[in-house]
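Taking it in order: structure first as structure tokens, then the write-up.
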Amino acid sequence: MAKGQLYGIGVGPGDPELVTVKAVKHIEKADIIAFPTAKGATGNAKRTIEPYITKAHQLISLTYPVTAGPVADSQTYLPLMKKFYDDTAQEMKAELLKGKNIAIICAGDPFIFGSYMYWHARLSDEFETIVIPGISSILAAPVELGKPLCHREDVVSIIPATLSEDQLVENLTNSTSAVIMKLGRTFPKVVNALKKAGLEDKAYYVERATMQNQRILPVLEVDPTKVAYFSVVVIPCQTPE
Ligand SMILES: C[S@@+](CC[C@H](N)C(=O)[O-])C[C@H]1O[C@@H](n2cnc3c(N)ncnc32)[C@H](O)[C@@H]1O
């Protein structure tokens with residue numbers, strides 16, 4: 001029997017209309033839709049493609065054993081996640097060997113902080129694989145904010161908020177504009193770094209960009225106890241003249 005194909009599909013930032021035509025075509029070709037999710041959650045990527053899921057699809061939830069928040073130290077977190085990716089890759093391999101096409105969906109773009117890349121590393125040598133780019137939150141958030149991210153010779157940094165405060169300051173001062181990702185408990189540290197870099201008045205908080213419950217505020221007006229994981233800080237470029 002012919003092996004199945006693996007599709008790594010970026011489904012965009014949340015608005016179902018921002019799922020690409022190519023993503024929809026490959027969702028239609030998939031026998032199985034596998035979606036990463038935190039324990040007890042629906043998964044944003046799955047919610048985004050809900051209009052394109054049919055009764056013919058088999059759904060597999062790839063439930064993370066931990067989230068980075070409660071298990072902050074990498075000595076515990078990384079081995080647990082490695083085992084999770086190893087085990088779930090074996091499950092998907094068994095289905096691919098049966099000839100099933102599997103779509104692993106991913107919020108935004110699969111190769112920008114996307115979990116898909118860990119299954120890609122484990123399966124793409126053995127199985128025919130098609131990776132479909134998605135509209136990243138890096139692109140969607142400045143558009144929803146209504147402020148351009150870069151022009152002329154601007155240099156943009158994509159910064160994970162999980163860096164130390166010193167590293168955040170260093171990266172912020174070395175770029176003209178920036179998008180800071182992976183917020184949540186990291187938010188107070190991000191605000192301190194923005195203040196040290198003198199950027200606190202230029203930074204905006206964009207929560208759940210393009211989703212129905214989107215929220216946008218200047219960073220200094222955000223209640224740090226109400227910061228969602230699905231949010232970014234955008235430091236746009238100067239207004240083009
Ligand atoms: C694991 S990364 C996935 C990034 C995703 N692959 C992308 O290209 O946008 C998760 C982080 O992406 C950001 N994110 C993803 N979707 C978002 C959205 N709709 N609005 C704001 N931030 C989002 C948040 O910073 C979140 O902590």
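How things are named: the first chain in the structure tokens is A, the next is B, and so on; residues count from 1 in each chain; ligands count from 1 in the order shown.
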
### Task
Among the residues of region 12-239 of chain A, find those DSSP assigns to alpha helix (DSSP H) from the backbone and print them as a ChimeraX atom specification.
/A:21-29,44-49,74-97,116-123,137-145,165-173,187-196

#### Entry: Within 12 Å of Lys226 (chain A) using only C-alpha atoms, minus same-chain residues under 5 positions, as number ranges by chain
A: 183-188, 205, 207, 215, 221, 231

### Message
I'd like the contact shell of Asp125 (chain A) - 12 Å cut-off, only C-alpha atoms, skipping same-chain residues fewer than 4 positions apart - returned as a count of residues only.
### Response
8

### Task
Skip Leu96 (chain A) itself and residues of its chain fewer than 4 positions away, then list as a PyMOL selection string all residues within 12 Å of it, counting only C-alpha atoms.
chain A and resi 1-7+30-32+89-92+100-103+123-124+126-129

Keeping only C-alpha atoms, write the selected residues as a PDB file, in the first residue's frame.
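Dumped to result20.pdb:
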```
ATOM      1  CA  MET A   1       0.000   0.000   0.000  1.00  0.00           C
ATOM      2  CA  ALA A   2       1.227   3.520  -0.834  1.00  0.00           C
ATOM      3  CA  LYS A   3       2.266   5.581   2.163  1.00  0.00           C
ATOM      4  CA  GLY A   4       0.148   8.565   3.145  1.00  0.00           C
ATOM      5  CA  GLN A   5       1.312  12.150   2.818  1.00  0.00           C
ATOM      6  CA  LEU A   6       2.079  14.535   5.667  1.00  0.00           C
ATOM      7  CA  TYR A   7       0.781  18.111   5.466  1.00  0.00           C
ATOM      8  CA  ALA A  30      -6.466  14.867   4.580  1.00  0.00           C
ATOM      9  CA  ASP A  31      -7.962  11.738   6.163  1.00  0.00           C
ATOM     10  CA  ILE A  32      -6.733  12.788   9.604  1.00  0.00           C
ATOM     11  CA  ALA A  89       5.290  10.984  15.831  1.00  0.00           C
ATOM     12  CA  GLN A  90       5.184   7.179  16.203  1.00  0.00           C
ATOM     13  CA  GLU A  91       1.363   7.288  16.330  1.00  0.00           C
ATOM     14  CA  MET A  92       1.259   9.362  13.160  1.00  0.00           C
ATOM     15  CA  LYS A 100      -3.679   7.852   5.517  1.00  0.00           C
ATOM     16  CA  ASN A 101      -2.944  11.509   4.664  1.00  0.00           C
ATOM     17  CA  ILE A 102      -2.365  13.497   7.847  1.00  0.00           C
ATOM     18  CA  ALA A 103      -2.683  17.276   8.233  1.00  0.00           C
ATOM     19  CA  LEU A 123       8.678  12.329   9.871  1.00  0.00           C
ATOM     20  CA  SER A 124       9.603  14.310   6.760  1.00  0.00           C
ATOM     21  CA  GLU A 126      10.408   9.059   5.561  1.00  0.00           C
ATOM     22  CA  PHE A 127       7.130  10.445   4.192  1.00  0.00           C
ATOM     23  CA  GLU A 128       6.226  12.793   1.347  1.00  0.00           C
ATOM     24  CA  THR A 129       5.620  16.106   3.087  1.00  0.00           C
TER      25      THR A 129
END
```

Counting only C-alpha atoms and all ligand atoms, what are the residues of chain A within 7 Å of ligand 1, and for each of them which pair of atoms is the nearest and at what distance in Å, to one decimal? Sort the table by chain and rising number, as a Markdown table.
```
| residue | atom | partner | partner_atom_place_in_ligand_line | distance |
| --- | --- | --- | --- | --- |
| A:Pro13 | CA | ligand 1 | 19 (N) | 4.0 |
| A:Gly14 | CA | ligand 1 | 19 (N) | 5.4 |
| A:Cys106 | CA | ligand 1 | 6 (N) | 6.4 |
| A:Ala107 | CA | ligand 1 | 5 (C) | 5.0 |
| A:Gly108 | CA | ligand 1 | 8 (O) | 3.5 |
| A:Asp109 | CA | ligand 1 | 8 (O) | 3.9 |
| A:Pro110 | CA | ligand 1 | 6 (N) | 5.3 |
| A:Phe111 | CA | ligand 1 | 6 (N) | 6.6 |
| A:Ile112 | CA | ligand 1 | 6 (N) | 4.6 |
| A:Phe113 | CA | ligand 1 | 2 (S) | 4.7 |
| A:Gly114 | CA | ligand 1 | 6 (N) | 4.2 |
| A:Ser115 | CA | ligand 1 | 1 (C) | 6.7 |
| A:Ile135 | CA | ligand 1 | 8 (O) | 6.6 |
| A:Ser136 | CA | ligand 1 | 8 (O) | 3.5 |
| A:Ser137 | CA | ligand 1 | 9 (O) | 3.7 |
| A:Ile138 | CA | ligand 1 | 9 (O) | 5.9 |
| A:Ala141 | CA | ligand 1 | 21 (C) | 6.3 |
| A:Ile180 | CA | ligand 1 | 25 (O) | 6.8 |
| A:Met181 | CA | ligand 1 | 25 (O) | 3.4 |
| A:Lys182 | CA | ligand 1 | 27 (O) | 3.1 |
| A:Leu183 | CA | ligand 1 | 27 (O) | 5.3 |
| A:Val206 | CA | ligand 1 | 21 (C) | 5.8 |
| A:Glu207 | CA | ligand 1 | 21 (C) | 4.8 |
| A:Arg208 | CA | ligand 1 | 20 (N) | 3.6 |
| A:Ala209 | CA | ligand 1 | 20 (N) | 3.7 |
| A:Thr210 | CA | ligand 1 | 19 (N) | 6.0 |
| A:Met211 | CA | ligand 1 | 19 (N) | 6.4 |
| A:Tyr229 | CA | ligand 1 | 27 (O) | 4.7 |
| A:Phe230 | CA | ligand 1 | 24 (C) | 4.1 |
| A:Ser231 | CA | ligand 1 | 22 (N) | 3.5 |
| A:Val232 | CA | ligand 1 | 25 (O) | 4.5 |
```

Only N, CA and C atoms, please: the residues just picked out, written as a PDB file, in the first residue's frame.
```
ATOM      1  N   PRO A  13      -3.825  33.422  11.826  1.00  0.00           N
ATOM      2  CA  PRO A  13      -3.916  33.941  13.194  1.00  0.00           C
ATOM      3  C   PRO A  13      -5.232  33.680  13.915  1.00  0.00           C
ATOM      4  N   GLY A  14      -6.276  33.235  13.218  1.00  0.00           N
ATOM      5  CA  GLY A  14      -7.512  32.962  13.938  1.00  0.00           C
ATOM      6  C   GLY A  14      -8.772  33.191  13.121  1.00  0.00           C
ATOM      7  N   CYS A 106      -1.514  24.161  12.563  1.00  0.00           N
ATOM      8  CA  CYS A 106      -0.674  24.971  13.427  1.00  0.00           C
ATOM      9  C   CYS A 106      -1.131  26.432  13.321  1.00  0.00           C
ATOM     10  N   ALA A 107      -1.256  27.102  14.464  1.00  0.00           N
ATOM     11  CA  ALA A 107      -1.638  28.529  14.443  1.00  0.00           C
ATOM     12  C   ALA A 107      -0.564  29.335  13.712  1.00  0.00           C
ATOM     13  N   GLY A 108      -0.975  30.329  12.961  1.00  0.00           N
ATOM     14  CA  GLY A 108      -0.010  31.187  12.272  1.00  0.00           C
ATOM     15  C   GLY A 108       0.738  30.411  11.207  1.00  0.00           C
ATOM     16  N   ASP A 109       2.051  30.531  11.240  1.00  0.00           N
ATOM     17  CA  ASP A 109       2.914  29.836  10.282  1.00  0.00           C
ATOM     18  C   ASP A 109       3.606  28.658  10.973  1.00  0.00           C
ATOM     19  N   PRO A 110       3.722  27.506  10.267  1.00  0.00           N
ATOM     20  CA  PRO A 110       4.272  26.319  10.945  1.00  0.00           C
ATOM     21  C   PRO A 110       5.750  26.429  11.326  1.00  0.00           C
ATOM     22  N   PHE A 111       6.490  27.282  10.626  1.00  0.00           N
ATOM     23  CA  PHE A 111       7.931  27.356  10.905  1.00  0.00           C
ATOM     24  C   PHE A 111       8.300  28.590  11.733  1.00  0.00           C
ATOM     25  N   ILE A 112       7.293  29.262  12.288  1.00  0.00           N
ATOM     26  CA  ILE A 112       7.583  30.374  13.211  1.00  0.00           C
ATOM     27  C   ILE A 112       7.071  29.969  14.589  1.00  0.00           C
ATOM     28  N   PHE A 113       7.972  29.516  15.425  1.00  0.00           N
ATOM     29  CA  PHE A 113       7.633  29.035  16.774  1.00  0.00           C
ATOM     30  C   PHE A 113       6.486  28.022  16.723  1.00  0.00           C
ATOM     31  N   GLY A 114       6.373  27.253  15.645  1.00  0.00           N
ATOM     32  CA  GLY A 114       5.246  26.325  15.502  1.00  0.00           C
ATOM     33  C   GLY A 114       5.625  24.918  15.933  1.00  0.00           C
ATOM     34  N   SER A 115       4.721  24.257  16.674  1.00  0.00           N
ATOM     35  CA  SER A 115       5.008  22.880  17.126  1.00  0.00           C
ATOM     36  C   SER A 115       5.196  21.935  15.954  1.00  0.00           C
ATOM     37  N   ILE A 135      -0.464  32.788   7.621  1.00  0.00           N
ATOM     38  CA  ILE A 135      -0.270  34.195   8.013  1.00  0.00           C
ATOM     39  C   ILE A 135       0.062  34.215   9.496  1.00  0.00           C
ATOM     40  N   SER A 136       1.276  34.600   9.791  1.00  0.00           N
ATOM     41  CA  SER A 136       1.739  34.604  11.184  1.00  0.00           C
ATOM     42  C   SER A 136       1.122  35.760  11.966  1.00  0.00           C
ATOM     43  N   SER A 137       1.057  35.576  13.280  1.00  0.00           N
ATOM     44  CA  SER A 137       0.621  36.678  14.161  1.00  0.00           C
ATOM     45  C   SER A 137       1.566  37.872  14.012  1.00  0.00           C
ATOM     46  N   ILE A 138       2.795  37.601  13.596  1.00  0.00           N
ATOM     47  CA  ILE A 138       3.773  38.689  13.387  1.00  0.00           C
ATOM     48  C   ILE A 138       3.272  39.645  12.295  1.00  0.00           C
ATOM     49  N   ALA A 141      -0.799  41.064  13.587  1.00  0.00           N
ATOM     50  CA  ALA A 141      -0.961  42.000  14.713  1.00  0.00           C
ATOM     51  C   ALA A 141      -0.722  43.463  14.294  1.00  0.00           C
ATOM     52  N   ILE A 180       7.117  41.089  20.039  1.00  0.00           N
ATOM     53  CA  ILE A 180       7.497  40.234  21.167  1.00  0.00           C
ATOM     54  C   ILE A 180       6.389  39.196  21.362  1.00  0.00           C
ATOM     55  N   MET A 181       6.775  37.914  21.334  1.00  0.00           N
ATOM     56  CA  MET A 181       5.798  36.826  21.379  1.00  0.00           C
ATOM     57  C   MET A 181       5.887  36.087  22.705  1.00  0.00           C
ATOM     58  N   LYS A 182       4.964  35.130  22.883  1.00  0.00           N
ATOM     59  CA  LYS A 182       4.933  34.259  24.073  1.00  0.00           C
ATOM     60  C   LYS A 182       4.778  35.072  25.357  1.00  0.00           C
ATOM     61  N   LEU A 183       3.724  35.859  25.374  1.00  0.00           N
ATOM     62  CA  LEU A 183       3.455  36.655  26.578  1.00  0.00           C
ATOM     63  C   LEU A 183       2.685  35.796  27.590  1.00  0.00           C
ATOM     64  N   VAL A 206      -1.336  43.469  21.534  1.00  0.00           N
ATOM     65  CA  VAL A 206      -2.373  42.965  20.616  1.00  0.00           C
ATOM     66  C   VAL A 206      -2.716  41.542  21.030  1.00  0.00           C
ATOM     67  N   GLU A 207      -3.919  41.378  21.554  1.00  0.00           N
ATOM     68  CA  GLU A 207      -4.356  40.059  22.051  1.00  0.00           C
ATOM     69  C   GLU A 207      -5.306  39.425  21.049  1.00  0.00           C
ATOM     70  N   ARG A 208      -5.096  38.143  20.760  1.00  0.00           N
ATOM     71  CA  ARG A 208      -5.969  37.353  19.868  1.00  0.00           C
ATOM     72  C   ARG A 208      -6.250  38.099  18.555  1.00  0.00           C
ATOM     73  N   ALA A 209      -5.188  38.517  17.889  1.00  0.00           N
ATOM     74  CA  ALA A 209      -5.327  39.271  16.636  1.00  0.00           C
ATOM     75  C   ALA A 209      -6.202  38.516  15.647  1.00  0.00           C
ATOM     76  N   THR A 210      -7.161  39.196  15.073  1.00  0.00           N
ATOM     77  CA  THR A 210      -8.132  38.734  14.055  1.00  0.00           C
ATOM     78  C   THR A 210      -9.216  37.802  14.604  1.00  0.00           C
ATOM     79  N   MET A 211      -9.130  37.450  15.908  1.00  0.00           N
ATOM     80  CA  MET A 211     -10.204  36.606  16.471  1.00  0.00           C
ATOM     81  C   MET A 211     -11.336  37.529  16.941  1.00  0.00           C
ATOM     82  N   TYR A 229      -1.925  34.309  26.686  1.00  0.00           N
ATOM     83  CA  TYR A 229      -0.774  33.717  25.983  1.00  0.00           C
ATOM     84  C   TYR A 229      -0.827  34.093  24.492  1.00  0.00           C
ATOM     85  N   PHE A 230      -2.043  34.099  23.929  1.00  0.00           N
ATOM     86  CA  PHE A 230      -2.173  34.438  22.502  1.00  0.00           C
ATOM     87  C   PHE A 230      -2.184  35.954  22.330  1.00  0.00           C
ATOM     88  N   SER A 231      -1.046  36.540  22.609  1.00  0.00           N
ATOM     89  CA  SER A 231      -0.911  37.984  22.457  1.00  0.00           C
ATOM     90  C   SER A 231       0.539  38.319  22.127  1.00  0.00           C
ATOM     91  N   VAL A 232       0.714  39.467  21.492  1.00  0.00           N
ATOM     92  CA  VAL A 232       2.060  39.945  21.172  1.00  0.00           C
ATOM     93  C   VAL A 232       2.164  41.416  21.564  1.00  0.00           C
TER      94      VAL A 232
END
```

### Query
Restricting the calculation to only C-alpha atoms, which member of A:Pro218, A:Pro51, A:Gly8, A:Gly146 is positioned closest to Ile33 (chain A)?
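Closest to Ile33 (chain A) of all the choices is A:Gly8.
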
### Shell of 12 Å around Lys22 (chain A), only C-alpha atoms, local chain residues under 6 positions omitted, as a PyMOL selection string
chain A and resi 7-11+28-29+130-134

Please produce an output containing N, CA and C atoms for each residue in the selection, written as a PDB file, in the first residue's frame.
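Result file is result.pdb:
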```pdb
ATOM      1  N   TYR A   7       0.942  16.678   5.763  1.00  0.00           N
ATOM      2  CA  TYR A   7       0.781  18.111   5.466  1.00  0.00           C
ATOM      3  C   TYR A   7       1.003  18.908   6.757  1.00  0.00           C
ATOM      4  N   GLY A   8       1.932  19.850   6.717  1.00  0.00           N
ATOM      5  CA  GLY A   8       2.134  20.764   7.846  1.00  0.00           C
ATOM      6  C   GLY A   8       1.464  22.068   7.471  1.00  0.00           C
ATOM      7  N   ILE A   9       0.334  22.339   8.092  1.00  0.00           N
ATOM      8  CA  ILE A   9      -0.498  23.442   7.592  1.00  0.00           C
ATOM      9  C   ILE A   9      -0.560  24.604   8.585  1.00  0.00           C
ATOM     10  N   GLY A  10      -0.075  25.758   8.145  1.00  0.00           N
ATOM     11  CA  GLY A  10      -0.262  26.992   8.917  1.00  0.00           C
ATOM     12  C   GLY A  10      -1.656  27.512   8.624  1.00  0.00           C
ATOM     13  N   VAL A  11      -2.457  27.710   9.685  1.00  0.00           N
ATOM     14  CA  VAL A  11      -3.863  28.093   9.455  1.00  0.00           C
ATOM     15  C   VAL A  11      -4.115  29.571   9.725  1.00  0.00           C
ATOM     16  N   GLU A  28      -8.906  19.373   2.848  1.00  0.00           N
ATOM     17  CA  GLU A  28      -9.874  18.508   2.143  1.00  0.00           C
ATOM     18  C   GLU A  28      -9.247  17.164   1.756  1.00  0.00           C
ATOM     19  N   LYS A  29      -7.942  17.186   1.434  1.00  0.00           N
ATOM     20  CA  LYS A  29      -7.272  15.934   1.015  1.00  0.00           C
ATOM     21  C   LYS A  29      -6.886  15.049   2.192  1.00  0.00           C
ATOM     22  N   ILE A 130       4.290  18.038   2.624  1.00  0.00           N
ATOM     23  CA  ILE A 130       4.015  19.360   2.032  1.00  0.00           C
ATOM     24  C   ILE A 130       3.774  20.332   3.183  1.00  0.00           C
ATOM     25  N   VAL A 131       4.577  21.392   3.237  1.00  0.00           N
ATOM     26  CA  VAL A 131       4.402  22.400   4.289  1.00  0.00           C
ATOM     27  C   VAL A 131       3.762  23.637   3.659  1.00  0.00           C
ATOM     28  N   ILE A 132       2.711  24.115   4.304  1.00  0.00           N
ATOM     29  CA  ILE A 132       1.954  25.243   3.739  1.00  0.00           C
ATOM     30  C   ILE A 132       2.070  26.438   4.682  1.00  0.00           C
ATOM     31  N   PRO A 133       2.661  27.521   4.204  1.00  0.00           N
ATOM     32  CA  PRO A 133       2.834  28.679   5.088  1.00  0.00           C
ATOM     33  C   PRO A 133       1.494  29.272   5.498  1.00  0.00           C
ATOM     34  N   GLY A 134       1.491  29.877   6.660  1.00  0.00           N
ATOM     35  CA  GLY A 134       0.267  30.539   7.134  1.00  0.00           C
ATOM     36  C   GLY A 134       0.574  31.986   7.475  1.00  0.00           C
TER      37      GLY A 134
END
```
